[in-house]
Amino acid sequence: MEAYAQTDVGKMRLINQDYIFYSIMPVGNLQNLFVVADGMGGHNAGEYASWYTVETLVQLIRESKEQNLYEILAQSIQEVNQRLIRKSYEEDRLRGMGTTLTLATVADRTLYVVNIGDSRTYLINEQEIRQISQDHSLVEEMVREGIFERGSEQYQLKKNIITKAIGVELALRPDFFEVELKENEHLLLCSDGLTNMVEDSEIWKIVEQPIYIEERVHQLIEMANTNGGKDNIAIVLADLD
């Protein structure tokens, strides 16, 4: 397995509220770990929310005594959610902060994904690009219910409204996904600063190139910025051998 990750402030924002972590080595009782968070909140609250969530989550996973993968992730995410909510009441500048979270780990040729918000996890191979996570956003929920058409004017107007985030409510219900891996697949985690600027088909073309993984990540960021760079961009890419 080989991995690389990078964030970029984009062309329109002054502060980078995206935060990433990745390790192809064990993190606690997990064999590896990949995380993207996209913070929200005024002043510097979004930047703080994503940083605090990822750093605290990684620490909790490292310290967990659980052996069951689902219990490790579920307990750690619930704990960091409660801690972030408490933090938001300690300082006025942090009120209303929150963050998306998409997390992945691989064990025994199986991909496990946890998702909260509209940051995404994809699997990519030479045939296709597949979104594994499901967006917790108003427009995507309406698309699933047949109310909106993806890409329509109403969709574009409301696509930044998310329906779940860490740090917003105590009764947090993340989505869990489990996928059997095929040969020669690529794992991509990203914030909406990439997916709002670059079509899935273009992401697939870049990731499938036979070039160094670092160069593929740089090209994804470059394309997002070339297309407008309206938001921060976070990318974690792994070649799964």
# chains A, B, ... in the order shown; residues from 1 in each chain; ligands from 1
$ select_by_dssp --residues "range 53-116 of chain A" --states "helix (DSSP H, G or I)" --output "JSON, numbers by chain"
{"A": [53, 54, 55, 56, 57, 58, 59, 60, 61, 62, 63, 69, 70, 71, 72, 73, 74, 75, 76, 77, 78, 79, 80, 81, 82, 83, 84, 85, 86, 87, 88, 92, 93, 94]}
$ write_last_selection --atoms "C-alpha atoms" --output "PDB file, in the first residue's frame"
ATOM      1  CA  THR A  53     -11.723  16.443  15.679  1.00  0.00           C
ATOM      2  CA  VAL A  54      -9.055  14.656  13.648  1.00  0.00           C
ATOM      3  CA  GLU A  55      -6.260  14.955  16.213  1.00  0.00           C
ATOM      4  CA  THR A  56      -8.505  13.870  19.089  1.00  0.00           C
ATOM      5  CA  LEU A  57     -10.035  11.042  17.070  1.00  0.00           C
ATOM      6  CA  VAL A  58      -6.631   9.624  16.141  1.00  0.00           C
ATOM      7  CA  GLN A  59      -5.568   9.803  19.794  1.00  0.00           C
ATOM      8  CA  LEU A  60      -8.731   8.014  20.943  1.00  0.00           C
ATOM      9  CA  ILE A  61      -8.257   5.266  18.344  1.00  0.00           C
ATOM     10  CA  ARG A  62      -4.639   4.787  19.442  1.00  0.00           C
ATOM     11  CA  GLU A  63      -5.706   4.490  23.077  1.00  0.00           C
ATOM     12  CA  LEU A  69     -13.176  -2.507  14.490  1.00  0.00           C
ATOM     13  CA  TYR A  70     -16.708  -1.144  14.590  1.00  0.00           C
ATOM     14  CA  GLU A  71     -16.560  -0.591  18.343  1.00  0.00           C
ATOM     15  CA  ILE A  72     -13.241   1.242  18.041  1.00  0.00           C
ATOM     16  CA  LEU A  73     -14.634   3.633  15.453  1.00  0.00           C
ATOM     17  CA  ALA A  74     -18.113   4.080  16.941  1.00  0.00           C
ATOM     18  CA  GLN A  75     -16.877   4.779  20.459  1.00  0.00           C
ATOM     19  CA  SER A  76     -14.091   7.109  19.319  1.00  0.00           C
ATOM     20  CA  ILE A  77     -16.411   9.140  17.064  1.00  0.00           C
ATOM     21  CA  GLN A  78     -19.093   9.489  19.733  1.00  0.00           C
ATOM     22  CA  GLU A  79     -16.479  10.623  22.258  1.00  0.00           C
ATOM     23  CA  VAL A  80     -14.918  13.218  19.966  1.00  0.00           C
ATOM     24  CA  ASN A  81     -18.381  14.515  19.062  1.00  0.00           C
ATOM     25  CA  GLN A  82     -19.208  15.073  22.735  1.00  0.00           C
ATOM     26  CA  ARG A  83     -15.847  16.711  23.399  1.00  0.00           C
ATOM     27  CA  LEU A  84     -16.259  19.087  20.455  1.00  0.00           C
ATOM     28  CA  ILE A  85     -19.714  20.122  21.658  1.00  0.00           C
ATOM     29  CA  ARG A  86     -18.289  20.868  25.115  1.00  0.00           C
ATOM     30  CA  LYS A  87     -15.486  22.891  23.532  1.00  0.00           C
ATOM     31  CA  SER A  88     -18.020  24.965  21.601  1.00  0.00           C
ATOM     32  CA  ASP A  92     -17.762  32.369  22.314  1.00  0.00           C
ATOM     33  CA  ARG A  93     -15.667  32.285  19.142  1.00  0.00           C
ATOM     34  CA  LEU A  94     -16.222  28.513  18.879  1.00  0.00           C
TER      35      LEU A  94
END
$ residues_around --residues "Lys205 in chain A" --least-positions-apart "3" --cutoff "12 Å" --atoms "only C-alpha atoms" --output "ChimeraX atom specification"
/A:124-129,198-202,208-211,216,219-220,223
$ select_by_dssp --residues "range 25-152 of chain A" --states "strand (DSSP E or B)" --output "VMD selection string"
chain A and resid 27 30 33 to 40 98 to 99 101 to 107 110 to 116 120 to 124 129 to 131 137
$ closest_residue --among "A:Ala3, A:Leu181, A:Ala107, A:Ala37" --to "Gln17 in chain A" --atoms "only C-alpha atoms"
A:Ala37
$ closest_residue --among "A:Glu214, A:Glu2, A:Asp18, A:Glu178" --to "Cys190 in chain A" --atoms "only C-alpha atoms"
A:Asp18
$ closest_residue --among "A:Asp192, A:Glu185, A:Glu47, A:Glu91" --to "Gly117 in chain A" --atoms "only C-alpha atoms"
A:Asp192
$ residues_around --residues "Thr99 in chain A" --least-positions-apart "5" --cutoff "8 Å" --atoms "only C-alpha atoms" --output "ChimeraX atom specification"
/A:37-40,46,49-50,53,117,165-167
$ closest_residue --among "A:Arg95, A:Arg173, A:His136, A:Lys11" --to "Gly42 in chain A" --atoms "only C-alpha atoms"
A:Arg95
$ closest_residue --among "A:Trp51, A:Phe34, A:Leu111, A:Leu237" --to "Tyr212 in chain A" --atoms "only C-alpha atoms"
A:Leu237
$ residues_around --residues "Glu180 in chain A" --least-positions-apart "6" --cutoff "12 Å" --atoms "only C-alpha atoms" --output "JSON list (two decimals) with N, CA and C atoms, in the first residue's frame"
[["chain", "number", "residue", "atom", "x", "y", "z"],
["A", 106, "VAL", "N", -8.60, -0.23, 6.06],
["A", 106, "VAL", "CA", -8.62, -1.47, 5.29],
["A", 106, "VAL", "C", -8.11, -2.61, 6.16],
["A", 107, "ALA", "N", -8.84, -3.73, 6.13],
["A", 107, "ALA", "CA", -8.42, -4.91, 6.88],
["A", 107, "ALA", "C", -8.88, -6.15, 6.13],
["A", 108, "ASP", "N", -7.96, -7.06, 5.86],
["A", 108, "ASP", "CA", -8.29, -8.35, 5.23],
["A", 108, "ASP", "C", -9.07, -8.18, 3.93],
["A", 109, "ARG", "N", -8.57, -7.31, 3.06],
["A", 109, "ARG", "CA", -9.16, -7.07, 1.74],
["A", 109, "ARG", "C", -10.58, -6.50, 1.81],
["A", 110, "THR", "N", -10.90, -5.87, 2.94],
["A", 110, "THR", "CA", -12.19, -5.22, 3.10],
["A", 110, "THR", "C", -11.98, -3.77, 3.48],
["A", 111, "LEU", "N", -12.75, -2.88, 2.84],
["A", 111, "LEU", "CA", -12.71, -1.46, 3.16],
["A", 111, "LEU", "C", -13.87, -1.13, 4.10],
["A", 112, "TYR", "N", -13.52, -0.44, 5.19],
["A", 112, "TYR", "CA", -14.52, 0.03, 6.16],
["A", 112, "TYR", "C", -14.52, 1.55, 6.14],
["A", 113, "VAL", "N", -15.72, 2.13, 6.01],
["A", 113, "VAL", "CA", -15.84, 3.59, 5.87],
["A", 113, "VAL", "C", -16.87, 4.10, 6.88],
["A", 123, "LEU", "N", -13.91, 4.57, -4.21],
["A", 123, "LEU", "CA", -13.03, 3.51, -4.70],
["A", 123, "LEU", "C", -12.93, 3.66, -6.22],
["A", 132, "ILE", "N", -18.42, 5.57, -2.23],
["A", 132, "ILE", "CA", -18.82, 4.62, -1.19],
["A", 132, "ILE", "C", -19.67, 5.31, -0.13]]
$ closest_residue --among "A:Val9, A:Val217, A:Val168, A:Ile20" --to "Leu33 in chain A" --atoms "only C-alpha atoms"
A:Ile20
$ atom_distance --atom1 "CA of Phe176 in chain A" --atom2 "CA of Asn115 in chain A"
6.7 Å
